[in-house]
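The structure appears right after this line, and notes come after that.
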Amino acid sequence: MTAGVKAKHQRLVLVLIALAALIGAALLAAWALRNQASYFYVPSQMAADPPAPDRAVRLGGMVERGSLKTLPDGVTVTFVLQDGEARVPVRYAGIKPDLFVEGSGAVAEGRLSPDGTFVADNILAKHDENYVPRELQDMDQHQQAQVVAETTE
Amino acid sequence: MIAELGLAALWLAAALAALQLAASVLSLRAGEGGETLGGVIRPTAILQGGVAALSFVLLMWLFIRTDLSVKLVAMNSHSAKPMIFKLAGTWGNHEGSMLLWVTVMALAGALIAAIERRLPEATMRATLGAQAFVGLGFYAFLLFSSNPFERLPRPVPEGMGLNPLLQDIGLAFHPPTLYFGYVGLSVAFSFAVGALLTRQVTPDFARAMRPWVLGAWVFLTIGITAGSYWAYYELGWGGWWFWDPVENASLMPWLAATALLHSASVLAARDALRAWTIMLGVIAFSMSMVGTFLVRSGILTSVHAFAVDPERGSFILALLAINIGGALALFGWRAGSIAEGERFALVSREGALVVNNVLLSAILGVVLLGTLYPLVTEAFDVRVSVGPPYFNPVSAIFALPMLAVMALGPLLRWRQDAVRRVRRPALLAAGLAVAGAVIAWLIAGPAGLLPTLGVALAVAVGIASLLPLRGRRLTRTPLPIWGMVLAHLGIAVSLLGMASESAWSQERLAALAPGESAEVGPWRVTLTKVVPVAGPNWTAIEGDMDARYQSGSPIPIAPQARSFWSPSQTTTESALVTRWNGQLYAVIGEAVGDGRWQVRLWWKPLVTLIWIGGLLIALGGVLALIGRVLGDLKRRSVLAKRLRWRGEQPV
């Protein structure tokens with residue numbers, strides 16, 4: 001009799017542990033994802049509501065024409081990402097992606113430093129002629145006019 | 001003519017699948033009277049496999065000959081491409097890969113029909129019926145929205161070529177390997193549905209299903225390992241896992257299949273976890289289909305792109321809904337009638353496996369949510385990226401305790417055990433784990449929390465994984481035990497590599513003129529010269545460098561930046577120097593302008609362990625599979641002998 005009760009009891013314990021773990025996973029994931037909602041920035045958002053200096057975020061925008069410069073060390077580049085409303089200077093030490101050019105879209109991964117420069121540790125640009133970073137797809141449409149104006153100036 | 005023949009074969013295979021499904025349904029309805037009808041099913045399944053394979057071989061033939069009157073070949077191939085990539089081009093595109101999918105699925109069905117004899121005949125028929133049902137959906141998808149054999153109105157003079165990133169020997173074999181894994185899980189799905197339909201959820205069912213799950217799981221493991229290495233050396237970013245949705249698409253079925261493998265073992269050995277095993281059988285293949293949907297529907301590029309051309313995506317989504325929804329509904333309807341399995345205590349081998357299953361499911365949920373979340377928010381015009389800051393910590397919260405349980409679980413006895421019996425090995429493993437972490441800090445320097453925990457757990461799991469061999473005569477240890485030991489050891493090895501790579505990698509970026517050097521970790525790399533080189537369909541600049549480990553002799557390396565012209569694209573060809581204790585990774589960038597070239601170097605200690613561990617895991621799976629199949633063959637011959645003996649001695 002007691003053995004039967006005990007077995008039932010243990011089964012219940014197992015089911016409860018499983019439920020607790022899965023609900024815990026769901027809650028944790030939901031909480032972490034909510035924080036991710038502010039992971040991606042466009043320049044105007046970054047200007048209006050800058051992220052905390054140590055937070056890893058992504059900044060996506062168009063590379064402003066004439067802003068791309070290579071520093072004397074040969075490996076650090078600076079450029080400006082803009083979305084028509086705001087401009088954010090970006091510094092990046094590394095090899096630029098193959099199709100990273102002025103006037104096209106790019107996403108920088110990194111942190112905003114206290115002096116207002118975005119320090120990128122990685123740059124995502126077009127992989128090939130047909131690829132655009134996912135976050136930039138809409139921007140291309142919204143800012144077509146702007147880009148056309150810049151390319152023809 | 002060949003294209004028409006291929007299309008005809010595809011239609012014929014679809015018709016055979018329909019016949020197989022109809023025969024299965026009718027014979028199940030007729031019950032005992034359905035013998036004659038039921039006899040048709042196995043031969044039909046075998047024939048369907050053959051005809052589907054013929055269709056795929058014909059498509060390969062079109063690619064080998066570069067028949068430019070066929071749209072798919074013209075869009076994805078080029079006459080100047082090396083032969084191996086022409087061949088790989090067959091499955092390096094949407095239509096071809098879907099044809100490979102149905103072909104593997106039909107072949108898997110043919111294989112079950114040909115060799116599986118353990119299950120009751122009715123369950124077998126239901127299983128083959130389910131396999132035909134799922135297959136039919138994908139045949140319809142190919143024939144109505146993705147015909148690989150479509151002709152162009154007039155042939156083009158030259159093909160468009162294959163994406164250069166994909167022109168790599170690793171990629172020639174990566175997708176088929178993954179597909180064998182994805183589609184192999186369809187067998188587990190069909191078995192689960194068959195067992196539900198005929199209410200035959202028994203240890204024998206688990207034993208019949210296990211080798212199939214093992215096989216699919218081995219392919220998935222190899223596929224993921226190879227894919228990770230390919231991304232590592234081909235993309236030129238020095239990373240080996242990006243939590244990219246395409247990678248997650250292959251990780252999710254692997255997590256589900258790993259859980260299924262373990263719960264099927266409980267069902268086979270102890271007749272417990274019946275409903276849970278069935279559920280996992282359904283979920284594992286569902287994850288394969290979700291992965292295919294993500295990769296094949298174009299939804300990853302953009303939800304909006306998907307909305308503009310929704311035909312294919314909607315088709316796969318409908319297939320997903322029908323298959324998963326149908327199976328889950330069947331499960332909900334029948335699960336109540338599956339008798340409760342054997343009981344067990346919380347502290348027991350079963351208990352540990354349940355915990356492992358729950359935690360694997362939790363990780364699966366975390367990855368699934370993180371992968372789908374950006375797609376959902378994008379539909380509401382909110383752009384979100386979910387990256388490593390989410391995936392790493394959240395999945396680690398569940399992975400770390402899972403690894404701890406994995407270390408001790410195999411030491412527990414079935415049914416009931418006491419914690420104090422495993423106290424000594426547990427303390428030993430824990431002590432060595434702490435020692436391992438301390439030694440790592442002393443040798444390589446301080447590391448973050450996650451890598452330190454990773455090193456400690458890798459040591460604990462590595463030691464504990466060998467303990468099941470203790471007290472056994474190694475020559476007489478069954479192969480499946482060896483398989484488990486190796487696979488668990490592989491997890492430890494891989495984990496050590498991941499922890500070491502993330503904690504102690506060193507990076508150096510420099511602009512070098514020929515003759516100048518840069519140092520990274522223990523390496524000194526000298527750029528000797530930069531030269532232009534050319535391949536069959538690309539040109540490149542190549543940086544000739546000498547790499548010197550401490551005071552060793554120079555090793556020549558030559559990373560390239562390649563420009564392909566059809567289609568026009570540049571790729572980075574990294575150069576690697578592998579030593580037992582890690583890898584040097586070198587990439588050449590562009591000219592700075594004053595005669596200097598950008599060079600990026602990484603020293604990644606123990607990084608190769610990541611993939612060696614992956615291969616060990618797969619090898620463990622292979623050993624277990626061989627052990628199970630040999631065991632089955634032995635059982636069959638004993639059974640046959642006994643039958644013969646009975647026949648000679650009338651009772």
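By order of appearance in the structure tokens: chains A, B, ..., then residues from 1 within every chain, and ligands from 1 in the order shown.
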Show me, as a list in words, the residues that have an atom within 6 Å of stretch 113-120 of chain A when counting only C-alpha atoms, minus same-chain residues fewer than 3 positions from it.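 Listing them by chain and then by number gives Pro53, Pro89, Val90, Arg91, Tyr92, Ala108, Glu109 and Gly110 of chain A.
Using only C-alpha atoms, the protein and nucleic acid residues lying no more than 7 Å from stretch 565-578 of chain B, apart from those fewer than 2 places from it along its own chain, are Asp98 and Asp128 of chain A; Met160, Gly161, Asn163, Leu165, Tyr233, Glu234, Leu235, Gly236, Asn537, Trp538, Ile557, Ala558, Pro559, Gln560, Ala561, Arg562, Ser563, Trp580, Gly582, Gln583, Leu584, Tyr585, Ala586 and Val587 of chain B.
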Can you pull out the residues contacting A:Gly60? Cut-off 8 Å, using only C-alpha atoms, and skip same-chain residues under 3 positions away; I want them as an mmCIF file with C-alpha atoms, in the first residue's frame.
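What landed in selection-v9.cif:
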data_model
loop_
_atom_site.group_PDB
_atom_site.id
_atom_site.type_symbol
_atom_site.label_atom_id
_atom_site.label_comp_id
_atom_site.auth_asym_id
_atom_site.auth_seq_id
_atom_site.Cartn_x
_atom_site.Cartn_y
_atom_site.Cartn_z
ATOM 1 C CA PHE A 40 18.753 46.637 -32.831
ATOM 2 C CA TYR A 41 19.031 50.402 -33.321
ATOM 3 C CA VAL A 42 18.814 52.759 -36.261
ATOM 4 C CA PRO A 43 20.757 56.030 -35.953
ATOM 5 C CA LEU A 81 25.992 55.496 -40.363
ATOM 6 C CA GLY A 105 23.517 49.610 -46.007
ATOM 7 C CA ALA A 106 25.478 48.022 -43.194
ATOM 8 C CA VAL A 107 24.898 46.737 -39.675
ATOM 9 C CA ALA A 108 27.563 47.312 -37.021
ATOM 10 C CA GLU A 135 17.232 44.567 -40.658
ATOM 11 C CA LEU A 136 17.910 46.812 -43.628
#
Take atom CA of B:Gly291 and atom CA of B:Ser250 and report the distance between them in Å, one decimal. 6.6 Å
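Taking only C-alpha atoms into account, chain B lies nearest to A:Ile95 out of the set A:Ile95, A:Leu68, A:Asn122, A:Val101.
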Determine, for each residue of chain B having at least one atom at most 7 Å from an atom of chain A, the closest pair of atoms and their separation in Å to one decimal, counting only C-alpha atoms; order by chain and ascending number, as JSON lines.
{"residue": "B:Thr301", "atom": "CA", "partner": "A:Arg134", "partner_atom": "CA", "distance": 5.8}
{"residue": "B:Ser302", "atom": "CA", "partner": "A:Arg134", "partner_atom": "CA", "distance": 6.1}
{"residue": "B:Arg343", "atom": "CA", "partner": "A:Ala7", "partner_atom": "CA", "distance": 6.8}
{"residue": "B:Ala345", "atom": "CA", "partner": "A:Gln10", "partner_atom": "CA", "distance": 6.4}
{"residue": "B:Leu346", "atom": "CA", "partner": "A:Gln10", "partner_atom": "CA", "distance": 6.3}
{"residue": "B:Val358", "atom": "CA", "partner": "A:Ala18", "partner_atom": "CA", "distance": 5.8}
{"residue": "B:Ala362", "atom": "CA", "partner": "A:Leu22", "partner_atom": "CA", "distance": 5.5}
{"residue": "B:Val366", "atom": "CA", "partner": "A:Ala29", "partner_atom": "CA", "distance": 5.9}
{"residue": "B:Arg383", "atom": "CA", "partner": "A:Glu135", "partner_atom": "CA", "distance": 6.2}
{"residue": "B:Val384", "atom": "CA", "partner": "A:Ala37", "partner_atom": "CA", "distance": 5.5}
{"residue": "B:Ser385", "atom": "CA", "partner": "A:Phe40", "partner_atom": "CA", "distance": 6.1}
{"residue": "B:Val386", "atom": "CA", "partner": "A:Gln36", "partner_atom": "CA", "distance": 6.2}
{"residue": "B:Tyr390", "atom": "CA", "partner": "A:Ala32", "partner_atom": "CA", "distance": 6.2}
{"residue": "B:Val394", "atom": "CA", "partner": "A:Ala29", "partner_atom": "CA", "distance": 6.8}
{"residue": "B:Leu509", "atom": "CA", "partner": "A:Gly94", "partner_atom": "CA", "distance": 6.4}
{"residue": "B:Ala510", "atom": "CA", "partner": "A:Val75", "partner_atom": "CA", "distance": 6.1}
{"residue": "B:Ala511", "atom": "CA", "partner": "A:Gly74", "partner_atom": "CA", "distance": 5.2}
{"residue": "B:Gln569", "atom": "CA", "partner": "A:Asp128", "partner_atom": "CA", "distance": 5.8}
{"residue": "B:Thr570", "atom": "CA", "partner": "A:Asp98", "partner_atom": "CA", "distance": 6.3}
{"residue": "B:Gly589", "atom": "CA", "partner": "A:Ile95", "partner_atom": "CA", "distance": 5.7}
{"residue": "B:Val592", "atom": "CA", "partner": "A:Gly74", "partner_atom": "CA", "distance": 5.8}
{"residue": "B:Gln598", "atom": "CA", "partner": "A:Val75", "partner_atom": "CA", "distance": 6.3}
Excluding B:Ser265 and any residue of its chain fewer than 2 positions from it, enumerate the residues within 9 Å of it, using only C-alpha atoms, and give them as a VMD selection string. chain B and resid 203 206 to 207 210 260 to 263 267 to 270
Output N, CA, C and O atoms for every residue in that selection, as a PDB file, in the first residue's frame.
ATOM      1  N   PRO B 203       8.176  -2.253 -25.690  1.00  0.00           N
ATOM      2  CA  PRO B 203       9.632  -2.240 -25.782  1.00  0.00           C
ATOM      3  C   PRO B 203      10.118  -2.697 -27.163  1.00  0.00           C
ATOM      4  O   PRO B 203      11.109  -2.174 -27.675  1.00  0.00           O
ATOM      5  N   ALA B 206      10.147   0.159 -29.411  1.00  0.00           N
ATOM      6  CA  ALA B 206      11.296   1.042 -29.166  1.00  0.00           C
ATOM      7  C   ALA B 206      12.563   0.438 -29.751  1.00  0.00           C
ATOM      8  O   ALA B 206      13.406   1.147 -30.316  1.00  0.00           O
ATOM      9  N   ARG B 207      12.710  -0.899 -29.622  1.00  0.00           N
ATOM     10  CA  ARG B 207      13.914  -1.541 -30.167  1.00  0.00           C
ATOM     11  C   ARG B 207      13.934  -1.456 -31.684  1.00  0.00           C
ATOM     12  O   ARG B 207      14.997  -1.325 -32.292  1.00  0.00           O
ATOM     13  N   ARG B 210      14.753   2.327 -32.535  1.00  0.00           N
ATOM     14  CA  ARG B 210      16.023   2.890 -32.085  1.00  0.00           C
ATOM     15  C   ARG B 210      17.120   2.967 -33.150  1.00  0.00           C
ATOM     16  O   ARG B 210      17.761   4.013 -33.285  1.00  0.00           O
ATOM     17  N   LEU B 260      14.953  11.871 -27.935  1.00  0.00           N
ATOM     18  CA  LEU B 260      14.227  10.673 -28.381  1.00  0.00           C
ATOM     19  C   LEU B 260      15.079   9.418 -28.200  1.00  0.00           C
ATOM     20  O   LEU B 260      14.608   8.378 -27.742  1.00  0.00           O
ATOM     21  N   LEU B 261      16.348   9.537 -28.563  1.00  0.00           N
ATOM     22  CA  LEU B 261      17.270   8.408 -28.450  1.00  0.00           C
ATOM     23  C   LEU B 261      17.306   7.888 -27.016  1.00  0.00           C
ATOM     24  O   LEU B 261      17.275   6.679 -26.766  1.00  0.00           O
ATOM     25  N   HIS B 262      17.342   8.821 -26.069  1.00  0.00           N
ATOM     26  CA  HIS B 262      17.451   8.419 -24.667  1.00  0.00           C
ATOM     27  C   HIS B 262      16.127   7.892 -24.128  1.00  0.00           C
ATOM     28  O   HIS B 262      16.102   6.944 -23.357  1.00  0.00           O
ATOM     29  N   SER B 263      15.015   8.506 -24.539  1.00  0.00           N
ATOM     30  CA  SER B 263      13.748   8.004 -24.013  1.00  0.00           C
ATOM     31  C   SER B 263      13.407   6.667 -24.662  1.00  0.00           C
ATOM     32  O   SER B 263      12.823   5.795 -24.028  1.00  0.00           O
ATOM     33  N   LEU B 267      12.375   3.101 -22.887  1.00  0.00           N
ATOM     34  CA  LEU B 267      11.235   2.272 -23.291  1.00  0.00           C
ATOM     35  C   LEU B 267      11.703   0.861 -23.646  1.00  0.00           C
ATOM     36  O   LEU B 267      11.075  -0.129 -23.282  1.00  0.00           O
ATOM     37  N   ALA B 268      12.832   0.763 -24.331  1.00  0.00           N
ATOM     38  CA  ALA B 268      13.323  -0.551 -24.753  1.00  0.00           C
ATOM     39  C   ALA B 268      13.774  -1.375 -23.553  1.00  0.00           C
ATOM     40  O   ALA B 268      13.525  -2.576 -23.474  1.00  0.00           O
ATOM     41  N   ALA B 269      14.444  -0.727 -22.605  1.00  0.00           N
ATOM     42  CA  ALA B 269      15.027  -1.495 -21.507  1.00  0.00           C
ATOM     43  C   ALA B 269      14.027  -1.711 -20.377  1.00  0.00           C
ATOM     44  O   ALA B 269      14.057  -2.745 -19.710  1.00  0.00           O
ATOM     45  N   ARG B 270      13.148  -0.751 -20.135  1.00  0.00           N
ATOM     46  CA  ARG B 270      12.349  -0.781 -18.917  1.00  0.00           C
ATOM     47  C   ARG B 270      10.856  -0.632 -19.148  1.00  0.00           C
ATOM     48  O   ARG B 270      10.094  -0.630 -18.185  1.00  0.00           O
TER      49      ARG B 270
END
Residues flagged strand (DSSP E or B) by DSSP in stretch 392-556 of chain B, as a PDB file with N, CA, C and O atoms, in the first residue's frame:
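And here is the file that came out, part35.pdb:
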ATOM      1  N   GLN B 506      43.183  34.587 -29.185  1.00  0.00           N
ATOM      2  CA  GLN B 506      43.826  35.885 -29.322  1.00  0.00           C
ATOM      3  C   GLN B 506      43.717  36.338 -30.755  1.00  0.00           C
ATOM      4  O   GLN B 506      43.785  35.531 -31.673  1.00  0.00           O
ATOM      5  N   GLU B 507      43.526  37.649 -30.932  1.00  0.00           N
ATOM      6  CA  GLU B 507      43.315  38.168 -32.257  1.00  0.00           C
ATOM      7  C   GLU B 507      44.321  39.283 -32.503  1.00  0.00           C
ATOM      8  O   GLU B 507      44.671  40.028 -31.599  1.00  0.00           O
ATOM      9  N   ARG B 508      44.799  39.378 -33.752  1.00  0.00           N
ATOM     10  CA  ARG B 508      45.719  40.449 -34.090  1.00  0.00           C
ATOM     11  C   ARG B 508      45.373  40.970 -35.469  1.00  0.00           C
ATOM     12  O   ARG B 508      45.175  40.200 -36.403  1.00  0.00           O
ATOM     13  N   LEU B 509      45.254  42.267 -35.543  1.00  0.00           N
ATOM     14  CA  LEU B 509      44.928  42.896 -36.799  1.00  0.00           C
ATOM     15  C   LEU B 509      46.076  43.820 -37.128  1.00  0.00           C
ATOM     16  O   LEU B 509      46.497  44.592 -36.284  1.00  0.00           O
ATOM     17  N   ALA B 510      46.610  43.734 -38.337  1.00  0.00           N
ATOM     18  CA  ALA B 510      47.763  44.577 -38.638  1.00  0.00           C
ATOM     19  C   ALA B 510      47.762  44.922 -40.121  1.00  0.00           C
ATOM     20  O   ALA B 510      47.194  44.217 -40.942  1.00  0.00           O
ATOM     21  N   ALA B 511      48.392  46.041 -40.439  1.00  0.00           N
ATOM     22  CA  ALA B 511      48.641  46.371 -41.837  1.00  0.00           C
ATOM     23  C   ALA B 511      50.124  46.114 -42.076  1.00  0.00           C
ATOM     24  O   ALA B 511      50.972  46.757 -41.444  1.00  0.00           O
ATOM     25  N   LEU B 512      50.439  45.164 -42.937  1.00  0.00           N
ATOM     26  CA  LEU B 512      51.825  44.751 -43.116  1.00  0.00           C
ATOM     27  C   LEU B 512      52.297  45.039 -44.530  1.00  0.00           C
ATOM     28  O   LEU B 512      51.567  44.794 -45.494  1.00  0.00           O
ATOM     29  N   SER B 517      56.341  41.723 -39.938  1.00  0.00           N
ATOM     30  CA  SER B 517      55.771  40.610 -39.179  1.00  0.00           C
ATOM     31  C   SER B 517      54.740  41.105 -38.186  1.00  0.00           C
ATOM     32  O   SER B 517      54.732  42.272 -37.802  1.00  0.00           O
ATOM     33  N   ALA B 518      53.877  40.197 -37.764  1.00  0.00           N
ATOM     34  CA  ALA B 518      52.938  40.470 -36.683  1.00  0.00           C
ATOM     35  C   ALA B 518      52.920  39.260 -35.766  1.00  0.00           C
ATOM     36  O   ALA B 518      53.162  38.137 -36.211  1.00  0.00           O
ATOM     37  N   GLU B 519      52.644  39.506 -34.488  1.00  0.00           N
ATOM     38  CA  GLU B 519      52.616  38.399 -33.540  1.00  0.00           C
ATOM     39  C   GLU B 519      51.214  38.217 -33.005  1.00  0.00           C
ATOM     40  O   GLU B 519      50.489  39.169 -32.742  1.00  0.00           O
ATOM     41  N   VAL B 520      50.839  36.950 -32.838  1.00  0.00           N
ATOM     42  CA  VAL B 520      49.581  36.643 -32.181  1.00  0.00           C
ATOM     43  C   VAL B 520      49.818  35.410 -31.316  1.00  0.00           C
ATOM     44  O   VAL B 520      50.255  34.377 -31.802  1.00  0.00           O
ATOM     45  N   TRP B 523      52.600  32.817 -31.907  1.00  0.00           N
ATOM     46  CA  TRP B 523      52.969  32.807 -33.324  1.00  0.00           C
ATOM     47  C   TRP B 523      53.585  34.128 -33.752  1.00  0.00           C
ATOM     48  O   TRP B 523      53.219  35.189 -33.265  1.00  0.00           O
ATOM     49  N   ARG B 524      54.492  34.015 -34.745  1.00  0.00           N
ATOM     50  CA  ARG B 524      55.011  35.204 -35.406  1.00  0.00           C
ATOM     51  C   ARG B 524      54.819  34.977 -36.901  1.00  0.00           C
ATOM     52  O   ARG B 524      55.337  34.002 -37.457  1.00  0.00           O
ATOM     53  N   VAL B 525      54.044  35.844 -37.538  1.00  0.00           N
ATOM     54  CA  VAL B 525      53.704  35.650 -38.949  1.00  0.00           C
ATOM     55  C   VAL B 525      54.344  36.762 -39.771  1.00  0.00           C
ATOM     56  O   VAL B 525      54.181  37.946 -39.477  1.00  0.00           O
ATOM     57  N   THR B 526      55.105  36.379 -40.816  1.00  0.00           N
ATOM     58  CA  THR B 526      55.775  37.341 -41.677  1.00  0.00           C
ATOM     59  C   THR B 526      55.151  37.305 -43.072  1.00  0.00           C
ATOM     60  O   THR B 526      55.000  36.237 -43.656  1.00  0.00           O
ATOM     61  N   LEU B 527      54.765  38.479 -43.556  1.00  0.00           N
ATOM     62  CA  LEU B 527      54.235  38.563 -44.923  1.00  0.00           C
ATOM     63  C   LEU B 527      55.432  38.618 -45.869  1.00  0.00           C
ATOM     64  O   LEU B 527      56.241  39.531 -45.789  1.00  0.00           O
ATOM     65  N   THR B 528      55.571  37.619 -46.767  1.00  0.00           N
ATOM     66  CA  THR B 528      56.701  37.655 -47.696  1.00  0.00           C
ATOM     67  C   THR B 528      56.356  38.420 -48.956  1.00  0.00           C
ATOM     68  O   THR B 528      57.060  39.329 -49.348  1.00  0.00           O
ATOM     69  N   LYS B 529      55.217  38.044 -49.582  1.00  0.00           N
ATOM     70  CA  LYS B 529      54.801  38.835 -50.744  1.00  0.00           C
ATOM     71  C   LYS B 529      53.324  38.644 -51.013  1.00  0.00           C
ATOM     72  O   LYS B 529      52.706  37.715 -50.487  1.00  0.00           O
ATOM     73  N   VAL B 530      52.758  39.530 -51.813  1.00  0.00           N
ATOM     74  CA  VAL B 530      51.362  39.406 -52.207  1.00  0.00           C
ATOM     75  C   VAL B 530      51.330  39.219 -53.711  1.00  0.00           C
ATOM     76  O   VAL B 530      51.899  40.020 -54.449  1.00  0.00           O
ATOM     77  N   VAL B 531      50.685  38.121 -54.173  1.00  0.00           N
ATOM     78  CA  VAL B 531      50.711  37.824 -55.602  1.00  0.00           C
ATOM     79  C   VAL B 531      49.295  37.581 -56.102  1.00  0.00           C
ATOM     80  O   VAL B 531      48.436  37.116 -55.366  1.00  0.00           O
ATOM     81  N   PRO B 532      49.045  37.915 -57.384  1.00  0.00           N
ATOM     82  CA  PRO B 532      47.752  37.550 -57.969  1.00  0.00           C
ATOM     83  C   PRO B 532      47.778  36.094 -58.430  1.00  0.00           C
ATOM     84  O   PRO B 532      48.798  35.617 -58.942  1.00  0.00           O
ATOM     85  N   VAL B 533      46.708  35.372 -58.220  1.00  0.00           N
ATOM     86  CA  VAL B 533      46.598  33.993 -58.721  1.00  0.00           C
ATOM     87  C   VAL B 533      45.233  33.831 -59.369  1.00  0.00           C
ATOM     88  O   VAL B 533      44.336  34.649 -59.174  1.00  0.00           O
ATOM     89  N   ALA B 534      45.072  32.752 -60.160  1.00  0.00           N
ATOM     90  CA  ALA B 534      43.812  32.534 -60.863  1.00  0.00           C
ATOM     91  C   ALA B 534      43.409  31.071 -60.783  1.00  0.00           C
ATOM     92  O   ALA B 534      44.256  30.181 -60.790  1.00  0.00           O
ATOM     93  N   TRP B 538      37.760  31.873 -61.025  1.00  0.00           N
ATOM     94  CA  TRP B 538      37.993  33.005 -60.129  1.00  0.00           C
ATOM     95  C   TRP B 538      39.415  33.529 -60.284  1.00  0.00           C
ATOM     96  O   TRP B 538      40.291  32.851 -60.817  1.00  0.00           O
ATOM     97  N   THR B 539      39.627  34.769 -59.820  1.00  0.00           N
ATOM     98  CA  THR B 539      40.979  35.300 -59.658  1.00  0.00           C
ATOM     99  C   THR B 539      41.114  35.702 -58.205  1.00  0.00           C
ATOM    100  O   THR B 539      40.116  35.847 -57.501  1.00  0.00           O
ATOM    101  N   ALA B 540      42.330  35.855 -57.730  1.00  0.00           N
ATOM    102  CA  ALA B 540      42.501  36.159 -56.308  1.00  0.00           C
ATOM    103  C   ALA B 540      43.796  36.890 -56.077  1.00  0.00           C
ATOM    104  O   ALA B 540      44.719  36.843 -56.900  1.00  0.00           O
ATOM    105  N   ILE B 541      43.855  37.595 -54.952  1.00  0.00           N
ATOM    106  CA  ILE B 541      45.163  38.019 -54.454  1.00  0.00           C
ATOM    107  C   ILE B 541      45.514  37.065 -53.325  1.00  0.00           C
ATOM    108  O   ILE B 541      44.654  36.666 -52.541  1.00  0.00           O
ATOM    109  N   GLU B 542      46.780  36.678 -53.304  1.00  0.00           N
ATOM    110  CA  GLU B 542      47.202  35.694 -52.327  1.00  0.00           C
ATOM    111  C   GLU B 542      48.324  36.298 -51.494  1.00  0.00           C
ATOM    112  O   GLU B 542      49.263  36.875 -52.038  1.00  0.00           O
ATOM    113  N   GLY B 543      48.201  36.190 -50.169  1.00  0.00           N
ATOM    114  CA  GLY B 543      49.264  36.677 -49.309  1.00  0.00           C
ATOM    115  C   GLY B 543      50.154  35.509 -48.925  1.00  0.00           C
ATOM    116  O   GLY B 543      49.717  34.612 -48.222  1.00  0.00           O
ATOM    117  N   ASP B 544      51.399  35.511 -49.420  1.00  0.00           N
ATOM    118  CA  ASP B 544      52.322  34.443 -49.024  1.00  0.00           C
ATOM    119  C   ASP B 544      52.972  34.827 -47.707  1.00  0.00           C
ATOM    120  O   ASP B 544      53.610  35.873 -47.611  1.00  0.00           O
ATOM    121  N   MET B 545      52.796  33.967 -46.706  1.00  0.00           N
ATOM    122  CA  MET B 545      53.306  34.289 -45.372  1.00  0.00           C
ATOM    123  C   MET B 545      54.074  33.108 -44.808  1.00  0.00           C
ATOM    124  O   MET B 545      53.875  31.971 -45.208  1.00  0.00           O
ATOM    125  N   ASP B 546      54.968  33.421 -43.877  1.00  0.00           N
ATOM    126  CA  ASP B 546      55.643  32.387 -43.098  1.00  0.00           C
ATOM    127  C   ASP B 546      55.170  32.485 -41.663  1.00  0.00           C
ATOM    128  O   ASP B 546      55.262  33.547 -41.047  1.00  0.00           O
ATOM    129  N   ALA B 547      54.662  31.376 -41.129  1.00  0.00           N
ATOM    130  CA  ALA B 547      54.196  31.378 -39.745  1.00  0.00           C
ATOM    131  C   ALA B 547      55.184  30.575 -38.911  1.00  0.00           C
ATOM    132  O   ALA B 547      55.603  29.490 -39.294  1.00  0.00           O
ATOM    133  N   ARG B 548      55.570  31.134 -37.773  1.00  0.00           N
ATOM    134  CA  ARG B 548      56.570  30.509 -36.921  1.00  0.00           C
ATOM    135  C   ARG B 548      55.980  30.347 -35.530  1.00  0.00           C
ATOM    136  O   ARG B 548      55.535  31.320 -34.928  1.00  0.00           O
ATOM    137  N   TYR B 549      55.923  29.106 -35.017  1.00  0.00           N
ATOM    138  CA  TYR B 549      55.417  28.869 -33.672  1.00  0.00           C
ATOM    139  C   TYR B 549      56.575  28.952 -32.702  1.00  0.00           C
ATOM    140  O   TYR B 549      57.509  28.162 -32.781  1.00  0.00           O
ATOM    141  N   ILE B 555      56.439  27.934 -41.322  1.00  0.00           N
ATOM    142  CA  ILE B 555      55.471  27.147 -42.084  1.00  0.00           C
ATOM    143  C   ILE B 555      54.835  28.081 -43.099  1.00  0.00           C
ATOM    144  O   ILE B 555      54.290  29.125 -42.729  1.00  0.00           O
ATOM    145  N   PRO B 556      54.912  27.763 -44.400  1.00  0.00           N
ATOM    146  CA  PRO B 556      54.315  28.664 -45.394  1.00  0.00           C
ATOM    147  C   PRO B 556      52.792  28.566 -45.385  1.00  0.00           C
ATOM    148  O   PRO B 556      52.243  27.472 -45.369  1.00  0.00           O
TER     149      PRO B 556
END
What does the structure give for the distance between atom CA of B:Asp271 and atom CA of B:Val218, in Å to one decimal?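 Computing the Euclidean distance for atom CA of B:Asp271 and atom CA of B:Val218 yields 24.6 Å.
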Using only C-alpha atoms, which protein or nucleic acid residues come within 10 Å of A:Gln45? Drop anything in the same chain fewer than 4 positions from it, and give the result as a ChimeraX atom specification. /A:38,40-41,49-51,59,83,85-86
With a distance cut-off of 6 Å and only C-alpha atoms, select the neighbouring residues of B:Glu150, excluding the residue or stretch itself and same-chain residues fewer than 2 positions from it, and output the selection as a count of residues only. 4
What is the distance, in Å and to one decimal place, between atom CA of B:Val455 and atom CA of B:Leu496?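 It comes out at 5.4 Å.
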Let's see if you can do this: from backbone DSSP, list all alpha helix (DSSP H) residues in stretch 456-588 of chain B, as a ChimeraX atom specification. /B:456-466,479-504
